[in-house]
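Note: the block below is entry-v4.pdb and it holds PDB, C-alpha atoms.
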```pdb
ATOM      1  CA  LYS B   1     -80.868 105.922 -22.844
ATOM      2  CA  SER B   2     -83.391 103.149 -22.361
ATOM      3  CA  LEU B   3     -83.453 103.676 -18.584
ATOM      4  CA  MET B   4     -83.925 107.433 -19.004
ATOM      5  CA  LYS B   5     -86.747 106.831 -21.474
ATOM      6  CA  LYS B   6     -88.515 104.474 -19.036
ATOM      7  CA  LEU B   7     -88.000 106.895 -16.166
ATOM      8  CA  SER B   8     -89.375 109.756 -18.257
ATOM      9  CA  LEU B   9     -92.394 107.642 -19.214
ATOM     10  CA  ILE B  10     -93.020 106.696 -15.580
ATOM     11  CA  LEU B  11     -92.743 110.306 -14.397
ATOM     12  CA  PHE B  12     -94.994 111.502 -17.214
ATOM     13  CA  SER B  13     -97.583 108.811 -16.336
ATOM     14  CA  ILE B  14     -97.541 109.759 -12.657
ATOM     15  CA  PHE B  15     -97.956 113.442 -13.526
ATOM     16  CA  PHE B  16    -100.688 112.763 -16.108
ATOM     17  CA  PHE B  17    -102.819 110.479 -13.923
ATOM     18  CA  THR B  18    -102.361 112.641 -10.823
ATOM     19  CA  THR B  19    -103.515 115.685 -12.783
ATOM     20  CA  ILE B  20    -106.588 113.851 -14.061
ATOM     21  CA  SER B  21    -107.576 112.539 -10.642
ATOM     22  CA  PHE B  22    -107.335 115.984  -9.011
ATOM     23  CA  SER B  23    -108.981 118.023 -11.746
ATOM     24  CA  LYS B  24    -112.520 116.703 -11.666
ATOM     25  CA  GLU B  25    -114.581 119.198 -13.610
ATOM     26  CA  GLU B  26    -117.573 120.735 -11.903
ATOM     27  CA  LYS B  27    -120.752 119.921 -13.816
ATOM     28  CA  ILE B  28    -124.183 121.569 -13.776
ATOM     29  CA  ILE B  29    -127.661 120.058 -13.969
ATOM     30  CA  ARG B  30    -130.566 122.458 -14.384
ATOM     31  CA  GLY B  31    -134.345 122.189 -14.709
ATOM     32  CA  LYS B  32    -137.652 121.818 -12.898
ATOM     33  CA  ALA B  33    -137.148 119.887  -9.678
ATOM     34  CA  GLN B  34    -139.277 117.347  -7.879
ATOM     35  CA  VAL B  35    -138.793 117.038  -4.100
ATOM     36  CA  ILE B  36    -138.234 113.465  -2.894
ATOM     37  CA  ASP B  37    -137.457 114.209   0.759
ATOM     38  CA  GLY B  38    -135.740 116.889   2.845
ATOM     39  CA  ASP B  39    -132.324 116.399   1.254
ATOM     40  CA  THR B  40    -133.068 114.770  -2.114
ATOM     41  CA  ILE B  41    -134.575 116.140  -5.325
ATOM     42  CA  LYS B  42    -134.893 114.952  -8.919
ATOM     43  CA  ILE B  43    -134.302 116.907 -12.106
ATOM     44  CA  ASP B  44    -135.239 115.075 -15.319
ATOM     45  CA  GLU B  45    -135.584 111.819 -13.336
ATOM     46  CA  ILE B  46    -131.987 112.182 -12.083
ATOM     47  CA  SER B  47    -131.618 111.957  -8.290
ATOM     48  CA  ILE B  48    -129.660 114.690  -6.551
ATOM     49  CA  ARG B  49    -128.615 114.496  -2.893
ATOM     50  CA  LEU B  50    -128.066 117.952  -1.401
ATOM     51  CA  TYR B  51    -124.378 118.195  -0.538
ATOM     52  CA  GLY B  52    -123.265 118.540   3.084
ATOM     53  CA  ILE B  53    -126.664 118.396   4.763
ATOM     54  CA  ASP B  54    -128.703 115.674   6.414
ATOM     55  CA  ALA B  55    -132.471 116.060   6.809
ATOM     56  CA  PRO B  56    -134.712 113.992   9.080
ATOM     57  CA  GLU B  57    -135.927 110.755   7.495
ATOM     58  CA  LYS B  58    -139.477 110.520   6.098
ATOM     59  CA  LYS B  59    -140.790 108.569   9.087
ATOM     60  CA  GLN B  60    -138.624 110.258  11.726
ATOM     61  CA  ILE B  61    -140.483 111.568  14.761
ATOM     62  CA  CYS B  62    -139.186 114.548  16.752
ATOM     63  CA  LYS B  63    -140.467 116.406  19.802
ATOM     64  CA  GLY B  64    -141.698 119.968  19.478
ATOM     65  CA  LEU B  65    -141.523 122.961  21.800
ATOM     66  CA  SER B  66    -144.168 121.591  24.196
ATOM     67  CA  GLY B  67    -142.856 118.027  24.019
ATOM     68  CA  GLU B  68    -145.463 116.954  21.452
ATOM     69  CA  SER B  69    -144.412 114.383  18.850
ATOM     70  CA  TYR B  70    -144.479 115.312  15.163
ATOM     71  CA  ASN B  71    -143.156 113.890  11.915
ATOM     72  CA  CYS B  72    -140.085 116.093  11.389
ATOM     73  CA  GLY B  73    -139.109 114.188   8.235
ATOM     74  CA  LEU B  74    -142.411 115.146   6.618
ATOM     75  CA  SER B  75    -141.999 118.709   7.881
ATOM     76  CA  SER B  76    -138.538 118.894   6.308
ATOM     77  CA  THR B  77    -139.844 117.579   2.975
ATOM     78  CA  ARG B  78    -142.699 120.094   2.991
ATOM     79  CA  PHE B  79    -140.307 122.974   3.700
ATOM     80  CA  LEU B  80    -138.111 122.027   0.726
ATOM     81  CA  LYS B  81    -141.265 121.918  -1.438
ATOM     82  CA  VAL B  82    -141.990 125.510  -0.382
ATOM     83  CA  LEU B  83    -138.482 126.539  -1.506
ATOM     84  CA  ILE B  84    -139.010 124.741  -4.840
ATOM     85  CA  ASP B  85    -142.422 125.345  -6.326
ATOM     86  CA  ASN B  86    -143.459 123.851  -9.673
ATOM     87  CA  SER B  87    -142.434 126.905 -11.692
ATOM     88  CA  THR B  88    -138.976 127.205 -10.145
ATOM     89  CA  VAL B  89    -135.833 126.362 -12.071
ATOM     90  CA  VAL B  90    -133.231 124.623  -9.914
ATOM     91  CA  GLU B  91    -129.548 124.525 -10.783
ATOM     92  CA  CYS B  92    -127.135 122.124  -9.091
ATOM     93  CA  SER B  93    -123.368 122.097  -9.418
ATOM     94  CA  TYR B  94    -121.600 118.833  -8.672
ATOM     95  CA  LYS B  95    -118.415 116.835  -9.056
ATOM     96  CA  ASN B  96    -119.265 113.427  -7.615
ATOM     97  CA  LEU B  97    -121.919 110.748  -7.222
ATOM     98  CA  ASP B  98    -122.697 108.947  -3.967
ATOM     99  CA  ARG B  99    -122.640 105.173  -3.474
ATOM    100  CA  TYR B 100    -126.261 104.983  -4.681
ATOM    101  CA  GLY B 101    -125.418 106.740  -7.962
ATOM    102  CA  ARG B 102    -127.038 110.027  -6.972
ATOM    103  CA  ILE B 103    -125.460 113.367  -7.817
ATOM    104  CA  ILE B 104    -124.086 115.145  -4.727
ATOM    105  CA  GLY B 105    -124.936 118.755  -5.500
ATOM    106  CA  LYS B 106    -125.022 122.293  -4.228
ATOM    107  CA  CYS B 107    -128.339 123.534  -5.510
ATOM    108  CA  ILE B 108    -129.839 126.942  -6.102
ATOM    109  CA  SER B 109    -133.519 127.603  -6.644
ATOM    110  CA  HIS B 110    -134.181 130.505  -8.992
ATOM    111  CA  THR B 111    -137.278 131.798  -7.215
ATOM    112  CA  LYS B 112    -139.443 134.523  -8.735
ATOM    113  CA  ILE B 113    -140.182 137.444  -6.454
ATOM    114  CA  ALA B 114    -143.279 139.576  -6.713
ATOM    115  CA  ASN B 115    -142.114 142.929  -8.010
ATOM    116  CA  LYS B 116    -142.650 145.039 -11.110
ATOM    117  CA  LYS B 117    -139.736 143.419 -12.951
ATOM    118  CA  ASN B 118    -140.752 139.835 -11.976
ATOM    119  CA  GLU B 119    -137.111 139.141 -11.077
ATOM    120  CA  THR B 120    -135.684 135.876  -9.882
ATOM    121  CA  VAL B 121    -133.568 135.523  -6.759
ATOM    122  CA  PRO B 122    -131.024 132.725  -6.345
ATOM    123  CA  LEU B 123    -131.794 130.774  -3.174
ATOM    124  CA  PRO B 124    -129.064 128.347  -1.968
ATOM    125  CA  LEU B 125    -131.168 125.324  -0.971
ATOM    126  CA  ASN B 126    -128.536 123.427   1.029
ATOM    127  CA  TYR B 127    -127.890 126.480   3.224
ATOM    128  CA  TRP B 128    -131.582 127.363   3.681
ATOM    129  CA  MET B 129    -132.510 123.846   4.755
ATOM    130  CA  VAL B 130    -129.932 124.037   7.569
ATOM    131  CA  VAL B 131    -130.392 127.682   8.654
ATOM    132  CA  SER B 132    -134.172 127.149   8.853
ATOM    133  CA  GLY B 133    -133.741 124.094  11.091
ATOM    134  CA  HIS B 134    -135.066 121.544   8.577
ATOM    135  CA  ALA B 135    -131.697 119.796   8.143
ATOM    136  CA  VAL B 136    -128.367 119.642   9.956
ATOM    137  CA  ASP B 137    -124.794 120.158   8.840
ATOM    138  CA  TYR B 138    -123.630 116.689   7.759
ATOM    139  CA  LYS B 139    -120.163 117.236   9.231
ATOM    140  CA  LYS B 140    -118.945 113.844   8.046
ATOM    141  CA  TYR B 141    -119.149 115.118   4.441
ATOM    142  CA  SER B 142    -119.457 118.916   4.544
ATOM    143  CA  ARG B 143    -116.230 119.660   6.404
ATOM    144  CA  GLY B 144    -118.283 122.070   8.514
ATOM    145  CA  GLU B 145    -119.439 124.185   5.577
ATOM    146  CA  TYR B 146    -122.903 124.593   7.109
ATOM    147  CA  SER B 147    -121.870 124.670  10.789
ATOM    148  CA  GLU B 148    -122.573 128.416  11.156
ATOM    149  CA  ALA B 149    -126.017 127.953   9.604
ATOM    150  CA  GLU B 150    -126.685 125.119  12.074
ATOM    151  CA  LYS B 151    -125.528 127.257  15.021
ATOM    152  CA  THR B 152    -127.908 130.017  13.914
ATOM    153  CA  ALA B 153    -130.880 127.621  13.630
ATOM    154  CA  LYS B 154    -130.072 126.137  17.042
ATOM    155  CA  LYS B 155    -129.660 129.534  18.713
ATOM    156  CA  GLU B 156    -132.922 130.809  17.193
ATOM    157  CA  LYS B 157    -134.731 127.504  17.946
ATOM    158  CA  LYS B 158    -135.874 126.992  14.371
ATOM    159  CA  GLY B 159    -137.393 123.805  12.973
ATOM    160  CA  ILE B 160    -136.086 120.681  14.702
ATOM    161  CA  TRP B 161    -134.124 122.840  17.163
ATOM    162  CA  ARG B 162    -137.405 123.884  18.874
ATOM    163  CA  GLY B 163    -137.471 120.592  20.708
ATOM    164  CA  GLU B 164    -135.650 117.267  20.813
ATOM    165  CA  PHE B 165    -134.507 115.062  17.957
ATOM    166  CA  ASP B 166    -131.953 112.464  16.970
ATOM    167  CA  ARG B 167    -129.541 113.578  14.284
ATOM    168  CA  PRO B 168    -130.758 111.807  11.108
ATOM    169  CA  GLU B 169    -127.605 109.676  10.852
ATOM    170  CA  LYS B 170    -128.118 108.416  14.424
ATOM    171  CA  TRP B 171    -131.837 107.807  13.782
ATOM    172  CA  ARG B 172    -131.002 105.698  10.682
ATOM    173  CA  ARG B 173    -128.603 103.557  12.705
ATOM    174  CA  LYS B 174    -131.296 102.980  15.346
ATOM    175  CA  TYR B 175    -134.318 102.323  13.126
ATOM    176  CA  LYS B 176    -133.202 101.190   9.663
TER     177      LYS B 176
END
```
Would you kindly transcribe this structure into structure tokens?
Amino acid sequence: KSLMKKLSLILFSIFFFTTISFSKEEKIIRGKAQVIDGDTIKIDEISIRLYGIDAPEKKQICKGLSGESYNCGLSSTRFLKVLIDNSTVVECSYKNLDRYGRIIGKCISHTKIANKKNETVPLPLNYWMVVSGHAVDYKKYSRGEYSEAEKTAKKEKKGIWRGEFDRPEKWRRKYK
């Protein structure tokens, strides 16, 4: 009996802890957002890293269509600010934090559109940053979720795809 009881307890423990570790609840953070850079925002002073994308770094220089140098990190940050104006409510769903303690979130901007009803349209920020060429699919973490968006931006020569650039991860290794 004692052996069966121990075995039952062990099996129950394995089942219980396995269930807990695989059932991480998705959480939501919502509010007015402040843009930090092309792939990071803050809501209520809480940092949120946009899941699955990698934007050029603040001081990263890229080459444009005619070979001219420009600050593509600043361009990326400015584009995200356009997607999130001061009156916009941003909602991010997340499960995990990164090694810096930031939320890793999929975020939607609830942008008002100019019509008679003054409706809001949900705008998936992670996707729009990539499809517009202001960030790349961070394949290492996204499992290719934004690869089609990246292919579209590249094919249509949008944002950083107009010229030459180092992928942000490669640029960080070189210069940081």
Worksheet item: Which residue out of B:Gly101, B:Pro168, B:Gly144, B:Gly163 has the minimum interatomic distance to Ile48 (chain B) when all atoms listed in the file are used?
Response: B:Gly101
Worksheet, complete the sentence: Between CA of Leu50 (chain B) and CA of Glu25 (chain B) lies a distance of 18.2 Å
Picked residues, the PyMOL selection byres ((chain B and resi 69) around 12), as a PDB file with C-alpha atoms, in the coordinates of the input:
```pdb
ATOM      1  CA  LYS B  59    -140.790 108.569   9.087  1.00  0.00           C
ATOM      2  CA  GLN B  60    -138.624 110.258  11.726  1.00  0.00           C
ATOM      3  CA  ILE B  61    -140.483 111.568  14.761  1.00  0.00           C
ATOM      4  CA  CYS B  62    -139.186 114.548  16.752  1.00  0.00           C
ATOM      5  CA  LYS B  63    -140.467 116.406  19.802  1.00  0.00           C
ATOM      6  CA  GLY B  64    -141.698 119.968  19.478  1.00  0.00           C
ATOM      7  CA  LEU B  65    -141.523 122.961  21.800  1.00  0.00           C
ATOM      8  CA  SER B  66    -144.168 121.591  24.196  1.00  0.00           C
ATOM      9  CA  GLY B  67    -142.856 118.027  24.019  1.00  0.00           C
ATOM     10  CA  GLU B  68    -145.463 116.954  21.452  1.00  0.00           C
ATOM     11  CA  TYR B  70    -144.479 115.312  15.163  1.00  0.00           C
ATOM     12  CA  ASN B  71    -143.156 113.890  11.915  1.00  0.00           C
ATOM     13  CA  CYS B  72    -140.085 116.093  11.389  1.00  0.00           C
ATOM     14  CA  GLY B  73    -139.109 114.188   8.235  1.00  0.00           C
ATOM     15  CA  ILE B 160    -136.086 120.681  14.702  1.00  0.00           C
ATOM     16  CA  ARG B 162    -137.405 123.884  18.874  1.00  0.00           C
ATOM     17  CA  GLY B 163    -137.471 120.592  20.708  1.00  0.00           C
ATOM     18  CA  GLU B 164    -135.650 117.267  20.813  1.00  0.00           C
ATOM     19  CA  PHE B 165    -134.507 115.062  17.957  1.00  0.00           C
TER      20      PHE B 165
END
```
Fill in: Selected residue of minimal separation from Cys107 (chain B) among B:Thr77, B:Thr88, B:Gln34, B:Asn126, counting only C-alpha atoms
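The answer is B:Asn126, which sits nearest to Cys107 (chain B).
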Worksheet item: Near Asp37 (chain B), counting only C-alpha atoms, which residues have an atom at most 10 Å away, once you skip same-chain residues fewer than 4 positions from it, shown as a ChimeraX atom specification?
Response: /B:41,49,55-58,73-81
Discussion item. Ranking B:Cys92, B:Ile53, B:Ile108, B:Val82 by minimum distance to Tyr141 (chain B) and counting only C-alpha atoms, which one comes first?
Written reply: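 Ranked by minimum distance to Tyr141 (chain B), first place goes to B:Ile53.
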Item to complete: Measure the distance from CA of Leu125 (chain B) to CA of Val35 (chain B) in Å and round it to one decimal.
Response: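 Answer for the CA of Leu125 (chain B) to CA of Val35 (chain B) separation: 11.7 Å.
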Expected file for region 11-154 of chain B keeping C-alpha atoms, as a PDB file, in the first residue's frame:
```pdb
ATOM      1  CA  LEU B  11       2.385  10.617 -10.639  1.00  0.00           C
ATOM      2  CA  PHE B  12      -0.006  13.254  -9.312  1.00  0.00           C
ATOM      3  CA  SER B  13       2.921  15.664  -8.728  1.00  0.00           C
ATOM      4  CA  ILE B  14       4.268  15.116 -12.238  1.00  0.00           C
ATOM      5  CA  PHE B  15       0.814  15.689 -13.732  1.00  0.00           C
ATOM      6  CA  PHE B  16       0.124  18.749 -11.553  1.00  0.00           C
ATOM      7  CA  PHE B  17       3.432  20.527 -12.209  1.00  0.00           C
ATOM      8  CA  THR B  18       3.422  19.661 -15.916  1.00  0.00           C
ATOM      9  CA  THR B  19      -0.076  21.112 -16.239  1.00  0.00           C
ATOM     10  CA  ILE B  20       0.955  24.315 -14.472  1.00  0.00           C
ATOM     11  CA  SER B  21       4.081  24.799 -16.565  1.00  0.00           C
ATOM     12  CA  PHE B  22       2.203  24.368 -19.862  1.00  0.00           C
ATOM     13  CA  SER B  23      -0.881  26.404 -19.028  1.00  0.00           C
ATOM     14  CA  LYS B  24       0.557  29.882 -18.704  1.00  0.00           C
ATOM     15  CA  GLU B  25      -2.401  32.222 -18.817  1.00  0.00           C
ATOM     16  CA  GLU B  26      -2.395  34.961 -21.410  1.00  0.00           C
ATOM     17  CA  LYS B  27      -2.548  38.368 -19.739  1.00  0.00           C
ATOM     18  CA  ILE B  28      -3.553  41.777 -21.103  1.00  0.00           C
ATOM     19  CA  ILE B  29      -2.122  45.231 -20.441  1.00  0.00           C
ATOM     20  CA  ARG B  30      -4.046  48.191 -21.821  1.00  0.00           C
ATOM     21  CA  GLY B  31      -3.673  51.975 -21.810  1.00  0.00           C
ATOM     22  CA  LYS B  32      -2.028  54.991 -23.408  1.00  0.00           C
ATOM     23  CA  ALA B  33       1.351  54.018 -24.820  1.00  0.00           C
ATOM     24  CA  GLN B  34       4.643  55.847 -25.015  1.00  0.00           C
ATOM     25  CA  VAL B  35       7.029  54.833 -27.824  1.00  0.00           C
ATOM     26  CA  ILE B  36      10.576  54.071 -26.650  1.00  0.00           C
ATOM     27  CA  ASP B  37      12.006  52.797 -29.941  1.00  0.00           C
ATOM     28  CA  GLY B  38      10.877  50.833 -32.998  1.00  0.00           C
ATOM     29  CA  ASP B  39      10.048  47.669 -31.063  1.00  0.00           C
ATOM     30  CA  THR B  40       9.497  48.861 -27.482  1.00  0.00           C
ATOM     31  CA  ILE B  41       6.669  50.819 -25.859  1.00  0.00           C
ATOM     32  CA  LYS B  42       5.592  51.627 -22.308  1.00  0.00           C
ATOM     33  CA  ILE B  43       2.114  51.510 -20.819  1.00  0.00           C
ATOM     34  CA  ASP B  44       1.834  52.870 -17.265  1.00  0.00           C
ATOM     35  CA  GLU B  45       5.652  52.897 -16.999  1.00  0.00           C
ATOM     36  CA  ILE B  46       5.754  49.164 -17.831  1.00  0.00           C
ATOM     37  CA  SER B  47       8.090  48.263 -20.713  1.00  0.00           C
ATOM     38  CA  ILE B  48       6.695  46.110 -23.496  1.00  0.00           C
ATOM     39  CA  ARG B  49       8.867  44.559 -26.214  1.00  0.00           C
ATOM     40  CA  LEU B  50       6.870  43.844 -29.373  1.00  0.00           C
ATOM     41  CA  TYR B  51       6.836  40.073 -29.811  1.00  0.00           C
ATOM     42  CA  GLY B  52       8.543  38.466 -32.808  1.00  0.00           C
ATOM     43  CA  ILE B  53       9.936  41.594 -34.442  1.00  0.00           C
ATOM     44  CA  ASP B  54      13.283  43.352 -34.403  1.00  0.00           C
ATOM     45  CA  ALA B  55      13.539  47.030 -35.352  1.00  0.00           C
ATOM     46  CA  PRO B  56      16.731  48.908 -36.216  1.00  0.00           C
ATOM     47  CA  GLU B  57      18.556  50.299 -33.183  1.00  0.00           C
ATOM     48  CA  LYS B  58      18.263  54.007 -32.304  1.00  0.00           C
ATOM     49  CA  LYS B  59      21.690  54.865 -33.714  1.00  0.00           C
ATOM     50  CA  GLN B  60      21.642  52.368 -36.590  1.00  0.00           C
ATOM     51  CA  ILE B  61      22.497  53.796 -39.998  1.00  0.00           C
ATOM     52  CA  CYS B  62      21.107  52.265 -43.199  1.00  0.00           C
ATOM     53  CA  LYS B  63      21.472  53.125 -46.877  1.00  0.00           C
ATOM     54  CA  GLY B  64      18.505  54.427 -48.827  1.00  0.00           C
ATOM     55  CA  LEU B  65      17.397  53.960 -52.423  1.00  0.00           C
ATOM     56  CA  SER B  66      20.130  56.227 -53.838  1.00  0.00           C
ATOM     57  CA  GLY B  67      22.804  54.915 -51.474  1.00  0.00           C
ATOM     58  CA  GLU B  68      22.432  57.845 -49.063  1.00  0.00           C
ATOM     59  CA  SER B  69      22.924  57.143 -45.355  1.00  0.00           C
ATOM     60  CA  TYR B  70      20.050  57.736 -42.937  1.00  0.00           C
ATOM     61  CA  ASN B  71      19.213  56.867 -39.350  1.00  0.00           C
ATOM     62  CA  CYS B  72      16.842  53.925 -39.881  1.00  0.00           C
ATOM     63  CA  GLY B  73      16.483  53.381 -36.125  1.00  0.00           C
ATOM     64  CA  LEU B  74      15.072  56.888 -35.739  1.00  0.00           C
ATOM     65  CA  SER B  75      12.870  56.341 -38.790  1.00  0.00           C
ATOM     66  CA  SER B  76      11.498  53.138 -37.258  1.00  0.00           C
ATOM     67  CA  THR B  77      10.763  54.885 -33.948  1.00  0.00           C
ATOM     68  CA  ARG B  78       8.989  57.736 -35.737  1.00  0.00           C
ATOM     69  CA  PHE B  79       6.842  55.300 -37.730  1.00  0.00           C
ATOM     70  CA  LEU B  80       5.697  53.533 -34.547  1.00  0.00           C
ATOM     71  CA  LYS B  81       4.824  56.959 -33.082  1.00  0.00           C
ATOM     72  CA  VAL B  82       2.582  57.567 -36.105  1.00  0.00           C
ATOM     73  CA  LEU B  83       0.781  54.263 -35.422  1.00  0.00           C
ATOM     74  CA  ILE B  84       0.367  55.234 -31.746  1.00  0.00           C
ATOM     75  CA  ASP B  85      -0.671  58.827 -31.270  1.00  0.00           C
ATOM     76  CA  ASN B  86      -1.293  60.309 -27.817  1.00  0.00           C
ATOM     77  CA  SER B  87      -5.030  59.611 -27.863  1.00  0.00           C
ATOM     78  CA  THR B  88      -4.696  55.972 -28.909  1.00  0.00           C
ATOM     79  CA  VAL B  89      -5.406  53.122 -26.528  1.00  0.00           C
ATOM     80  CA  VAL B  90      -2.987  50.225 -26.970  1.00  0.00           C
ATOM     81  CA  GLU B  91      -3.742  46.700 -25.815  1.00  0.00           C
ATOM     82  CA  CYS B  92      -1.036  44.047 -25.516  1.00  0.00           C
ATOM     83  CA  SER B  93      -1.543  40.363 -24.831  1.00  0.00           C
ATOM     84  CA  TYR B  94       1.377  38.473 -23.336  1.00  0.00           C
ATOM     85  CA  LYS B  95       2.489  35.353 -21.518  1.00  0.00           C
ATOM     86  CA  ASN B  96       6.165  35.954 -20.781  1.00  0.00           C
ATOM     87  CA  LEU B  97       8.808  38.498 -19.821  1.00  0.00           C
ATOM     88  CA  ASP B  98      12.217  38.792 -21.474  1.00  0.00           C
ATOM     89  CA  ARG B  99      15.561  38.626 -19.663  1.00  0.00           C
ATOM     90  CA  TYR B 100      15.347  42.377 -18.971  1.00  0.00           C
ATOM     91  CA  GLY B 101      11.953  42.023 -17.264  1.00  0.00           C
ATOM     92  CA  ARG B 102      10.001  43.523 -20.154  1.00  0.00           C
ATOM     93  CA  ILE B 103       6.659  42.116 -21.252  1.00  0.00           C
ATOM     94  CA  ILE B 104       6.871  40.340 -24.629  1.00  0.00           C
ATOM     95  CA  GLY B 105       3.572  41.329 -26.204  1.00  0.00           C
ATOM     96  CA  LYS B 106       1.440  41.273 -29.301  1.00  0.00           C
ATOM     97  CA  CYS B 107      -0.006  44.751 -29.352  1.00  0.00           C
ATOM     98  CA  ILE B 108      -2.980  46.356 -31.025  1.00  0.00           C
ATOM     99  CA  SER B 109      -3.496  50.082 -31.372  1.00  0.00           C
ATOM    100  CA  HIS B 110      -7.146  51.100 -31.246  1.00  0.00           C
ATOM    101  CA  THR B 111      -6.890  53.929 -33.765  1.00  0.00           C
ATOM    102  CA  LYS B 112      -9.783  56.316 -34.365  1.00  0.00           C
ATOM    103  CA  ILE B 113     -10.774  56.759 -37.985  1.00  0.00           C
ATOM    104  CA  ALA B 114     -12.373  59.884 -39.355  1.00  0.00           C
ATOM    105  CA  ASN B 115     -15.949  58.949 -40.141  1.00  0.00           C
ATOM    106  CA  LYS B 116     -19.401  59.938 -38.935  1.00  0.00           C
ATOM    107  CA  LYS B 117     -19.411  57.294 -36.193  1.00  0.00           C
ATOM    108  CA  ASN B 118     -15.847  58.124 -34.997  1.00  0.00           C
ATOM    109  CA  GLU B 119     -15.095  54.386 -34.923  1.00  0.00           C
ATOM    110  CA  THR B 120     -11.884  52.770 -33.826  1.00  0.00           C
ATOM    111  CA  VAL B 121      -9.989  50.233 -35.905  1.00  0.00           C
ATOM    112  CA  PRO B 122      -7.709  47.626 -34.332  1.00  0.00           C
ATOM    113  CA  LEU B 123      -4.227  47.921 -35.829  1.00  0.00           C
ATOM    114  CA  PRO B 124      -1.808  45.023 -35.089  1.00  0.00           C
ATOM    115  CA  LEU B 125       1.412  46.934 -34.355  1.00  0.00           C
ATOM    116  CA  ASN B 126       3.867  44.026 -34.574  1.00  0.00           C
ATOM    117  CA  TYR B 127       2.595  43.111 -38.052  1.00  0.00           C
ATOM    118  CA  TRP B 128       2.476  46.711 -39.334  1.00  0.00           C
ATOM    119  CA  MET B 129       6.035  47.441 -38.246  1.00  0.00           C
ATOM    120  CA  VAL B 130       7.268  44.496 -40.345  1.00  0.00           C
ATOM    121  CA  VAL B 131       4.976  44.838 -43.394  1.00  0.00           C
ATOM    122  CA  SER B 132       5.866  48.547 -43.652  1.00  0.00           C
ATOM    123  CA  GLY B 133       9.598  47.773 -43.624  1.00  0.00           C
ATOM    124  CA  HIS B 134      10.339  49.410 -40.256  1.00  0.00           C
ATOM    125  CA  ALA B 135      11.203  46.117 -38.523  1.00  0.00           C
ATOM    126  CA  VAL B 136      12.072  42.563 -39.534  1.00  0.00           C
ATOM    127  CA  ASP B 137      10.685  39.189 -38.550  1.00  0.00           C
ATOM    128  CA  TYR B 138      12.774  38.151 -35.531  1.00  0.00           C
ATOM    129  CA  LYS B 139      12.864  34.517 -36.661  1.00  0.00           C
ATOM    130  CA  LYS B 140      14.825  33.442 -33.596  1.00  0.00           C
ATOM    131  CA  TYR B 141      11.731  34.164 -31.459  1.00  0.00           C
ATOM    132  CA  SER B 142       8.734  34.496 -33.792  1.00  0.00           C
ATOM    133  CA  ARG B 143       8.910  31.047 -35.375  1.00  0.00           C
ATOM    134  CA  GLY B 144       8.354  32.809 -38.701  1.00  0.00           C
ATOM    135  CA  GLU B 145       5.049  34.389 -37.695  1.00  0.00           C
ATOM    136  CA  TYR B 146       5.915  37.608 -39.541  1.00  0.00           C
ATOM    137  CA  SER B 147       7.880  36.069 -42.436  1.00  0.00           C
ATOM    138  CA  GLU B 148       5.113  36.753 -44.993  1.00  0.00           C
ATOM    139  CA  ALA B 149       4.907  40.376 -43.845  1.00  0.00           C
ATOM    140  CA  GLU B 150       8.692  40.660 -44.252  1.00  0.00           C
ATOM    141  CA  LYS B 151       8.550  39.124 -47.746  1.00  0.00           C
ATOM    142  CA  THR B 152       5.887  41.665 -48.723  1.00  0.00           C
ATOM    143  CA  ALA B 153       7.939  44.621 -47.417  1.00  0.00           C
ATOM    144  CA  LYS B 154      11.037  43.326 -49.211  1.00  0.00           C
TER     145      LYS B 154
END
```
